[in-house]
>>> print(open('model.json').read())   # JSON, C-alpha atoms
[["chain", "number", "residue", "atom", "x", "y", "z"],
["A", 1, "MET", "CA", -159.41, -144.92, -21.28],
["A", 2, "HIS", "CA", -157.63, -143.11, -24.10],
["A", 3, "SER", "CA", -159.07, -143.40, -27.61],
["A", 4, "ILE", "CA", -156.87, -143.78, -30.67],
["A", 5, "LEU", "CA", -157.89, -143.43, -34.31],
["A", 6, "ALA", "CA", -155.86, -145.99, -36.31],
["A", 7, "VAL", "CA", -155.78, -145.32, -40.05],
["A", 8, "ASP", "CA", -154.43, -147.71, -42.68],
["A", 9, "ASP", "CA", -155.75, -149.03, -45.99],
["A", 10, "SER", "CA", -154.19, -152.44, -45.19],
["A", 11, "ALA", "CA", -156.52, -154.68, -43.19],
["A", 12, "SER", "CA", -153.60, -156.71, -41.84],
["A", 13, "MET", "CA", -151.86, -153.54, -40.59],
["A", 14, "ARG", "CA", -155.02, -152.32, -38.89],
["A", 15, "GLN", "CA", -155.27, -155.75, -37.26],
["A", 16, "MET", "CA", -151.68, -155.60, -35.93],
["A", 17, "VAL", "CA", -152.06, -152.02, -34.70],
["A", 18, "ALA", "CA", -155.42, -152.69, -33.03],
["A", 19, "PHE", "CA", -154.08, -155.87, -31.40],
["A", 20, "THR", "CA", -151.10, -153.98, -29.98],
["A", 21, "LEU", "CA", -153.02, -150.94, -28.79],
["A", 22, "LYS", "CA", -155.95, -152.84, -27.27],
["A", 23, "ASN", "CA", -153.57, -155.12, -25.35],
["A", 24, "ALA", "CA", -152.00, -151.96, -23.95],
["A", 25, "GLY", "CA", -155.38, -150.73, -22.73],
["A", 26, "PHE", "CA", -156.33, -148.26, -25.45],
["A", 27, "ASN", "CA", -159.72, -147.96, -27.11],
["A", 28, "VAL", "CA", -159.19, -148.21, -30.89],
["A", 29, "VAL", "CA", -161.32, -146.96, -33.77],
["A", 30, "GLU", "CA", -160.16, -148.03, -37.23],
["A", 31, "ALA", "CA", -160.36, -146.08, -40.49],
["A", 32, "VAL", "CA", -159.56, -147.43, -43.95],
["A", 33, "ASP", "CA", -158.09, -144.25, -45.43],
["A", 34, "GLY", "CA", -157.67, -140.54, -44.81],
["A", 35, "GLN", "CA", -161.18, -139.60, -45.90],
["A", 36, "ASP", "CA", -162.74, -142.24, -43.63],
["A", 37, "ALA", "CA", -160.52, -141.03, -40.79],
["A", 38, "TRP", "CA", -161.54, -137.40, -41.31],
["A", 39, "GLU", "CA", -165.23, -138.32, -41.22],
["A", 40, "LYS", "CA", -164.76, -140.33, -38.02],
["A", 41, "ALA", "CA", -162.62, -137.64, -36.42],
["A", 42, "THR", "CA", -165.35, -135.04, -36.87],
["A", 43, "GLN", "CA", -167.87, -137.29, -35.14],
["A", 44, "ARG", "CA", -166.04, -138.00, -31.89],
["A", 45, "ASP", "CA", -162.98, -137.13, -29.84],
["A", 46, "PHE", "CA", -159.67, -138.92, -30.06],
["A", 47, "ASP", "CA", -156.60, -138.63, -27.86],
["A", 48, "LEU", "CA", -154.25, -139.58, -30.68],
["A", 49, "VAL", "CA", -154.28, -140.31, -34.41],
["A", 50, "LEU", "CA", -151.98, -143.02, -35.81],
["A", 51, "THR", "CA", -152.04, -142.93, -39.59],
["A", 52, "ASP", "CA", -150.40, -144.58, -42.58],
["A", 53, "GLN", "CA", -149.11, -142.29, -45.34],
["A", 54, "ASN", "CA", -149.82, -143.97, -48.70],
["A", 55, "MET", "CA", -153.57, -144.47, -48.86],
["A", 56, "PRO", "CA", -156.26, -143.92, -51.51],
["A", 57, "ARG", "CA", -158.68, -140.96, -51.38],
["A", 58, "MET", "CA", -156.58, -139.04, -48.82],
["A", 59, "ASP", "CA", -153.02, -139.79, -47.71],
["A", 60, "GLY", "CA", -151.62, -139.40, -44.22],
["A", 61, "ILE", "CA", -149.96, -136.03, -44.76],
["A", 62, "SER", "CA", -153.13, -134.57, -46.29],
["A", 63, "LEU", "CA", -155.14, -135.94, -43.36],
["A", 64, "THR", "CA", -152.68, -134.36, -40.94],
["A", 65, "LYS", "CA", -153.01, -130.95, -42.63],
["A", 66, "LYS", "CA", -156.79, -131.18, -42.59],
["A", 67, "LEU", "CA", -156.87, -132.15, -38.92],
["A", 68, "ARG", "CA", -154.54, -129.32, -37.95],
["A", 69, "GLU", "CA", -156.77, -126.79, -39.76],
["A", 70, "ASN", "CA", -159.56, -127.73, -37.35],
["A", 71, "PRO", "CA", -159.15, -126.11, -33.89],
["A", 72, "LYS", "CA", -160.48, -129.31, -32.31],
["A", 73, "PHE", "CA", -157.30, -131.16, -33.41],
["A", 74, "LYS", "CA", -154.80, -128.37, -32.96],
["A", 75, "SER", "CA", -153.02, -130.20, -30.15],
["A", 76, "THR", "CA", -153.95, -133.82, -30.84],
["A", 77, "PRO", "CA", -150.83, -135.97, -31.27],
["A", 78, "ILE", "CA", -150.65, -137.29, -34.84],
["A", 79, "LEU", "CA", -148.17, -140.05, -35.57],
["A", 80, "ILE", "CA", -147.48, -141.21, -39.11],
["A", 81, "LEU", "CA", -146.68, -144.94, -39.40],
["A", 82, "THR", "CA", -145.41, -145.72, -42.89],
["A", 83, "THR", "CA", -142.95, -147.62, -45.07],
["A", 84, "GLU", "CA", -141.62, -144.24, -46.29],
["A", 85, "SER", "CA", -138.27, -143.40, -44.75],
["A", 86, "SER", "CA", -136.92, -140.59, -46.92],
["A", 87, "ASP", "CA", -135.94, -137.31, -45.26],
["A", 88, "ALA", "CA", -138.08, -135.42, -47.77],
["A", 89, "MET", "CA", -141.21, -137.30, -46.72],
["A", 90, "LYS", "CA", -140.41, -136.90, -43.03],
["A", 91, "GLN", "CA", -139.98, -133.17, -43.49],
["A", 92, "ALA", "CA", -143.28, -133.01, -45.37],
["A", 93, "GLY", "CA", -144.93, -134.78, -42.46],
["A", 94, "ARG", "CA", -143.34, -132.44, -39.98],
["A", 95, "ALA", "CA", -144.40, -129.39, -42.02],
["A", 96, "ALA", "CA", -147.97, -130.73, -42.16],
["A", 97, "GLY", "CA", -148.05, -130.81, -38.36],
["A", 98, "ALA", "CA", -147.30, -134.44, -37.55],
["A", 99, "THR", "CA", -146.01, -135.15, -34.06],
["A", 100, "GLY", "CA", -143.78, -138.02, -35.12],
["A", 101, "TRP", "CA", -142.74, -140.36, -37.92],
["A", 102, "LEU", "CA", -142.54, -144.11, -37.43],
["A", 103, "VAL", "CA", -141.15, -146.40, -40.13],
["A", 104, "LYS", "CA", -142.76, -149.80, -40.65],
["A", 105, "PRO", "CA", -142.57, -152.46, -39.41],
["A", 106, "PHE", "CA", -143.24, -151.26, -35.89],
["A", 107, "ASP", "CA", -142.11, -152.97, -32.72],
["A", 108, "PRO", "CA", -145.12, -153.22, -30.37],
["A", 109, "ALA", "CA", -143.24, -152.19, -27.23],
["A", 110, "LYS", "CA", -141.65, -149.22, -28.98],
["A", 111, "LEU", "CA", -144.99, -148.11, -30.40],
["A", 112, "ILE", "CA", -146.59, -148.13, -26.96],
["A", 113, "GLU", "CA", -143.59, -146.28, -25.52],
["A", 114, "VAL", "CA", -143.82, -143.51, -28.15],
["A", 115, "ILE", "CA", -147.56, -143.17, -27.68],
["A", 116, "GLY", "CA", -147.01, -142.94, -23.94],
["A", 117, "LYS", "CA", -144.61, -140.04, -24.52],
["A", 118, "VAL", "CA", -147.00, -137.94, -26.61],
["A", 119, "ILE", "CA", -150.52, -138.74, -25.41],
["A", 120, "ARG", "CA", -152.03, -136.57, -22.70],
["B", 1, "MET", "CA", -145.84, -143.71, -102.99],
["B", 2, "GLN", "CA", -142.40, -142.66, -104.20],
["B", 3, "GLY", "CA", -140.05, -145.20, -105.68],
["B", 4, "THR", "CA", -137.95, -147.21, -103.29],
["B", 5, "GLU", "CA", -134.63, -146.55, -105.00],
["B", 6, "PRO", "CA", -132.00, -145.29, -102.57],
["B", 7, "THR", "CA", -131.50, -141.58, -102.69],
["B", 8, "ASP", "CA", -128.49, -139.41, -102.11],
["B", 9, "GLU", "CA", -130.37, -137.24, -99.66],
["B", 10, "PRO", "CA", -129.01, -137.56, -96.08],
["B", 11, "LEU", "CA", -131.35, -138.74, -93.33],
["B", 12, "ASP", "CA", -132.37, -135.70, -91.30],
["B", 13, "ALA", "CA", -132.63, -136.65, -87.64],
["B", 14, "GLY", "CA", -134.24, -133.32, -86.80],
["B", 15, "VAL", "CA", -137.22, -133.75, -89.05],
["B", 16, "VAL", "CA", -140.33, -135.00, -87.32],
["B", 17, "GLY", "CA", -141.42, -138.29, -88.80],
["B", 18, "SER", "CA", -138.09, -138.89, -90.50],
["B", 19, "PRO", "CA", -136.68, -142.43, -90.24],
["B", 20, "ALA", "CA", -133.76, -141.17, -88.11],
["B", 21, "GLU", "CA", -136.08, -139.34, -85.74],
["B", 22, "GLU", "CA", -138.31, -142.39, -85.38],
["B", 23, "ALA", "CA", -135.28, -144.57, -84.70],
["B", 24, "ARG", "CA", -134.14, -142.12, -82.03],
["B", 25, "PHE", "CA", -137.52, -142.20, -80.29],
["B", 26, "THR", "CA", -137.54, -145.99, -80.41],
["B", 27, "LEU", "CA", -134.07, -146.13, -78.83],
["B", 28, "LEU", "CA", -135.15, -143.69, -76.11],
["B", 29, "ALA", "CA", -138.27, -145.75, -75.43],
["B", 30, "ALA", "CA", -136.20, -148.93, -75.28],
["B", 31, "ALA", "CA", -133.76, -147.34, -72.84],
["B", 32, "GLU", "CA", -136.63, -146.14, -70.64],
["B", 33, "ILE", "CA", -138.23, -149.58, -70.66],
["B", 34, "GLN", "CA", -134.90, -151.17, -69.81],
["B", 35, "ASP", "CA", -134.54, -148.84, -66.80],
["B", 36, "HIS", "CA", -138.01, -149.78, -65.59],
["B", 37, "LEU", "CA", -137.34, -153.50, -66.01],
["B", 38, "MET", "CA", -134.08, -153.25, -64.07],
["B", 39, "SER", "CA", -136.00, -151.50, -61.26],
["B", 40, "VAL", "CA", -138.55, -154.31, -61.37],
["B", 41, "THR", "CA", -135.77, -156.89, -61.07],
["B", 42, "ASN", "CA", -134.29, -155.11, -58.06],
["B", 43, "ASP", "CA", -137.69, -154.76, -56.39],
["B", 44, "LEU", "CA", -138.53, -158.42, -56.91],
["B", 45, "GLU", "CA", -135.20, -159.46, -55.44],
["B", 46, "ARG", "CA", -135.94, -157.24, -52.45],
["B", 47, "LEU", "CA", -139.40, -158.81, -52.17],
["B", 48, "GLN", "CA", -137.82, -162.27, -52.09],
["B", 49, "ARG", "CA", -135.44, -161.21, -49.28],
["B", 50, "LEU", "CA", -138.32, -159.65, -47.37],
["B", 51, "LEU", "CA", -140.41, -162.82, -47.65],
["B", 52, "ASP", "CA", -137.46, -165.01, -46.64],
["B", 53, "ASP", "CA", -136.75, -162.83, -43.59],
["B", 54, "ALA", "CA", -140.42, -162.68, -42.59],
["B", 55, "GLY", "CA", -140.77, -166.44, -42.91],
["B", 56, "GLU", "CA", -137.71, -167.00, -40.72],
["B", 57, "ALA", "CA", -138.86, -164.46, -38.11],
["B", 58, "LEU", "CA", -142.37, -165.89, -37.97],
["B", 59, "SER", "CA", -141.01, -169.41, -37.62],
["B", 60, "VAL", "CA", -138.68, -168.42, -34.76],
["B", 61, "ASN", "CA", -141.42, -166.55, -32.94],
["B", 62, "PHE", "CA", -144.07, -169.19, -33.47],
["B", 63, "PHE", "CA", -141.94, -172.04, -32.16],
["B", 64, "GLY", "CA", -140.58, -169.85, -29.40],
["B", 65, "ALA", "CA", -144.06, -168.91, -28.22],
["B", 66, "SER", "CA", -145.18, -172.52, -28.55],
["B", 67, "ALA", "CA", -142.29, -173.77, -26.39],
["B", 68, "GLU", "CA", -142.96, -171.11, -23.75],
["B", 69, "VAL", "CA", -146.66, -171.96, -23.61],
["B", 70, "GLN", "CA", -145.85, -175.66, -23.21],
["B", 71, "THR", "CA", -143.41, -174.88, -20.41],
["B", 72, "LEU", "CA", -146.03, -172.74, -18.68],
["B", 73, "ALA", "CA", -148.62, -175.51, -19.07],
["B", 74, "GLN", "CA", -146.23, -178.03, -17.47],
["B", 75, "ARG", "CA", -145.55, -175.68, -14.58],
["B", 76, "ILE", "CA", -149.29, -175.14, -14.04],
["B", 77, "ASN", "CA", -149.95, -178.89, -14.22],
["B", 78, "SER", "CA", -147.30, -179.49, -11.57],
["B", 79, "GLY", "CA", -149.12, -177.08, -9.29],
["B", 80, "GLU", "CA", -146.53, -174.32, -9.45],
["B", 81, "PRO", "CA", -147.99, -170.84, -8.90],
["B", 82, "LEU", "CA", -147.13, -168.48, -11.71],
["B", 83, "SER", "CA", -146.40, -164.79, -11.39],
["B", 84, "PRO", "CA", -147.48, -162.37, -14.14],
["B", 85, "GLY", "CA", -143.81, -162.10, -15.10],
["B", 86, "ALA", "CA", -143.84, -165.78, -16.03],
["B", 87, "PHE", "CA", -145.60, -164.89, -19.25],
["B", 88, "ALA", "CA", -143.07, -162.27, -20.31],
["B", 89, "GLU", "CA", -141.03, -164.62, -22.53],
["B", 90, "ALA", "CA", -144.12, -165.86, -24.38],
["B", 91, "LEU", "CA", -145.36, -162.30, -24.85],
["B", 92, "GLN", "CA", -141.95, -161.31, -26.21],
["B", 93, "PHE", "CA", -142.24, -163.96, -28.93],
["B", 94, "ILE", "CA", -145.76, -162.79, -29.76],
["B", 95, "ALA", "CA", -144.49, -159.21, -30.09],
["B", 96, "GLY", "CA", -141.82, -160.49, -32.47],
["B", 97, "ALA", "CA", -144.52, -162.17, -34.53],
["B", 98, "VAL", "CA", -146.54, -158.93, -34.67],
["B", 99, "THR", "CA", -143.53, -157.16, -36.16],
["B", 100, "ALA", "CA", -142.88, -159.97, -38.66],
["B", 101, "LEU", "CA", -146.53, -160.21, -39.74],
["B", 102, "GLN", "CA", -146.30, -156.67, -41.12],
["B", 103, "PHE", "CA", -144.45, -158.18, -44.09],
["B", 104, "GLN", "CA", -147.84, -158.61, -45.75],
["B", 105, "ASP", "CA", -148.42, -154.86, -45.98],
["B", 106, "MET", "CA", -144.88, -154.16, -47.24],
["B", 107, "SER", "CA", -145.08, -156.97, -49.78],
["B", 108, "THR", "CA", -148.42, -155.71, -51.09],
["B", 109, "GLN", "CA", -147.01, -152.23, -51.62],
["B", 110, "LEU", "CA", -143.89, -153.59, -53.32],
["B", 111, "ILE", "CA", -145.99, -155.71, -55.67],
["B", 112, "ALA", "CA", -148.45, -152.88, -56.48],
["B", 113, "HIS", "CA", -145.62, -150.49, -57.37],
["B", 114, "THR", "CA", -143.87, -153.15, -59.46],
["B", 115, "SER", "CA", -147.10, -154.08, -61.26],
["B", 116, "GLN", "CA", -147.70, -150.45, -62.18],
["B", 117, "ARG", "CA", -144.19, -150.23, -63.59],
["B", 118, "LEU", "CA", -144.62, -153.42, -65.65],
["B", 119, "ARG", "CA", -148.01, -152.32, -66.95],
["B", 120, "ALA", "CA", -146.52, -148.99, -68.04],
["B", 121, "CYS", "CA", -143.79, -150.88, -69.91],
["B", 122, "ALA", "CA", -146.37, -153.06, -71.66],
["B", 123, "ASP", "CA", -148.37, -149.98, -72.66],
["B", 124, "LYS", "CA", -145.27, -148.23, -73.96],
["B", 125, "LEU", "CA", -144.23, -151.28, -75.99],
["B", 126, "ALA", "CA", -147.72, -151.48, -77.49],
["B", 127, "ARG", "CA", -147.61, -147.81, -78.42],
["B", 128, "GLU", "CA", -144.16, -148.18, -79.97],
["B", 129, "ALA", "CA", -145.20, -151.28, -81.91],
["B", 130, "PHE", "CA", -148.69, -150.33, -82.99],
["B", 131, "GLY", "CA", -148.72, -146.55, -82.75],
["B", 132, "SER", "CA", -151.41, -144.54, -80.98],
["B", 133, "ASP", "CA", -154.05, -144.90, -83.68],
["B", 134, "ASP", "CA", -157.22, -145.80, -81.86],
["B", 135, "GLU", "CA", -160.53, -145.38, -83.65],
["B", 136, "ASP", "CA", -162.35, -145.45, -80.34],
["B", 137, "GLY", "CA", -160.27, -142.64, -78.89],
["B", 138, "GLU", "CA", -157.11, -142.66, -76.77],
["B", 139, "ALA", "CA", -156.77, -145.91, -74.85],
["B", 140, "LEU", "CA", -156.07, -145.62, -71.14],
["B", 141, "VAL", "CA", -152.33, -145.80, -70.67],
["B", 142, "ILE", "CA", -150.81, -146.51, -67.30],
["B", 143, "GLU", "CA", -148.02, -144.09, -66.41],
["B", 144, "ALA", "CA", -144.94, -145.54, -64.79],
["B", 145, "PRO", "CA", -144.35, -144.47, -61.19],
["B", 146, "ASN", "CA", -142.25, -141.31, -61.20],
["B", 147, "ARG", "CA", -140.33, -142.24, -58.07],
["B", 148, "PRO", "CA", -138.59, -145.30, -56.65],
["B", 149, "ASN", "CA", -140.55, -147.93, -54.78],
["B", 150, "PRO", "CA", -141.47, -146.44, -51.37],
["B", 151, "VAL", "CA", -140.76, -149.78, -49.71],
["B", 152, "THR", "CA", -136.99, -149.93, -49.18],
["B", 153, "GLN", "CA", -137.03, -152.56, -46.44],
["B", 154, "ASP", "CA", -135.84, -156.07, -47.22],
["B", 155, "GLU", "CA", -136.18, -157.44, -43.71],
["B", 156, "VAL", "CA", -138.72, -157.22, -40.91],
["B", 157, "ASP", "CA", -136.56, -155.59, -38.25],
["B", 158, "ALA", "CA", -138.45, -152.72, -36.62],
["B", 159, "GLY", "CA", -138.16, -149.36, -38.35],
["B", 160, "SER", "CA", -136.99, -146.05, -36.91],
["B", 161, "VAL", "CA", -139.01, -143.74, -34.69],
["B", 162, "GLU", "CA", -138.64, -139.96, -34.77],
["B", 163, "LEU", "CA", -140.58, -137.45, -32.66],
["B", 164, "PHE", "CA", -140.62, -133.89, -34.01]]
>>> encode(input="model.json", output="structure tokens")
Amino acid sequence: MHSILAVDDSASMRQMVAFTLKNAGFNVVEAVDGQDAWEKATQRDFDLVLTDQNMPRMDGISLTKKLRENPKFKSTPILILTTESSDAMKQAGRAAGATGWLVKPFDPAKLIEVIGKVIR
Amino acid sequence: MQGTEPTDEPLDAGVVGSPAEEARFTLLAAAEIQDHLMSVTNDLERLQRLLDDAGEALSVNFFGASAEVQTLAQRINSGEPLSPGAFAEALQFIAGAVTALQFQDMSTQLIAHTSQRLRACADKLAREAFGSDDEDGEALVIEAPNRPNPVTQDEVDAGSVELF
């Protein structure tokens, strides 16, 4: 069973993401912000990271950069799920090493389809 | 203090502390506050549209799922065997509700950004009205957000997906 680290400072968003992913057969670990996600990521393996962008302590792009600096996460798919839709932000995410950029609100079927395309 | 008789000396707008310079700063501050308040108005209108759309979507999906579940219950009660595909319609409505429920996160972000902007306006007005004299040291002043509200959505249709 694939494990996904789901990162969002919104409890309701984590609930929606976890509901969708668990119903699709994924194991889900939740983190409340980038710092929490980083700490959890160093403690166990994940097949994919799905992170919000605007979060306290550490945002999604900063988390992505930090993960990519660690050889353990060099190839881990990292998807950013955010309300941000500007080209500048997308390019910043891409430059940080994100695998994809999803704009909220997400459609459950589409989210599972995208994850299926990038997860190994 | 000098006498209050009018003088023939022209007001010098370039002199710091001069009445003309102070008036100019007050006008600039007023213009800035007006810009922020117009942004707040636009964001609140967008919030209203978002809430209206989310309410409609949730209502449609709730009653849709409810009707499907009742139909399935009737079919089961009549002894009809159900295939896994029989639940597809109900699950579709539930997926629609999952998308619509994300309005809470978007609304929270919209409100937080708008609140910061309003607080900055209040702080600026206080500074303009009462100056920055503070015997206890500089009071904490909230800075206005230096970019537009990151939430641009005003409906709960699913957003775009881009793989790099």
>>> residues_around(input="model.json", residues="segment 52-55 of chain B", least_positions_apart="4", cutoff="8 Å", atoms="all atoms listed in the file", output="NGL selection string")
:B and (48 or 59 or 100-101 or 103 or 154-156)
>>> residues_near_point(input="model.json", point="(-153.7, -142.9, -27.2)", cutoff="6 Å", atoms="all atoms listed in the file", output="PDB file with C-alpha atoms, in the coordinates of the input")
ATOM      1  CA  HIS A   2    -157.630-143.110 -24.100  1.00  0.00           C
ATOM      2  CA  SER A   3    -159.070-143.400 -27.610  1.00  0.00           C
ATOM      3  CA  ILE A   4    -156.870-143.780 -30.670  1.00  0.00           C
ATOM      4  CA  ASP A  47    -156.600-138.630 -27.860  1.00  0.00           C
ATOM      5  CA  LEU A  48    -154.250-139.580 -30.680  1.00  0.00           C
ATOM      6  CA  ILE A 119    -150.520-138.740 -25.410  1.00  0.00           C
TER       7      ILE A 119
END
>>> closest_residue(input="model.json", among="B:Val98, B:Val161, B:Leu72, B:Val60", to="Ile115 of chain A", atoms="all atoms listed in the file")
B:Val161
>>> closest_residue(input="model.json", among="B:Cys121, B:Ala73, B:Ala144, B:Leu91", to="Ala29 of chain B", atoms="only C-alpha atoms")
B:Cys121
>>> interface_residues(input="model.json", of="chain B", to="chain A", cutoff="7 Å", atoms="all atoms listed in the file", output="VMD selection string")
chain B and resid 95 98 to 99 102 105 150 to 151 156 to 164
>>> atom_distance(input="model.json", atom1="atom CA of Arg46 of chain B", atom2="atom CA of Gly64 of chain B")
26.7 Å
>>> atom_distance(input="model.json", atom1="atom CA of Gly34 of chain A", atom2="atom CA of Asp59 of chain A")
5.5 Å
>>> closest_residue(input="model.json", among="B:Ala86, B:Asp43, B:Val69, B:Pro19", to="Ile111 of chain B", atoms="only C-alpha atoms")
B:Asp43
>>> atom_distance(input="model.json", atom1="atom CA of Asn149 of chain B", atom2="atom CA of His113 of chain B")
6.2 Å
>>> closest_residue(input="model.json", among="A:Met55, A:Phe46, A:Ala6, A:Pro71", to="Gln109 of chain B", atoms="only C-alpha atoms")
A:Met55
>>> closest_residue(input="model.json", among="A:Ala96, A:Ala18, A:Met89, A:Asp36", to="Arg68 of chain A", atoms="only C-alpha atoms")
A:Ala96
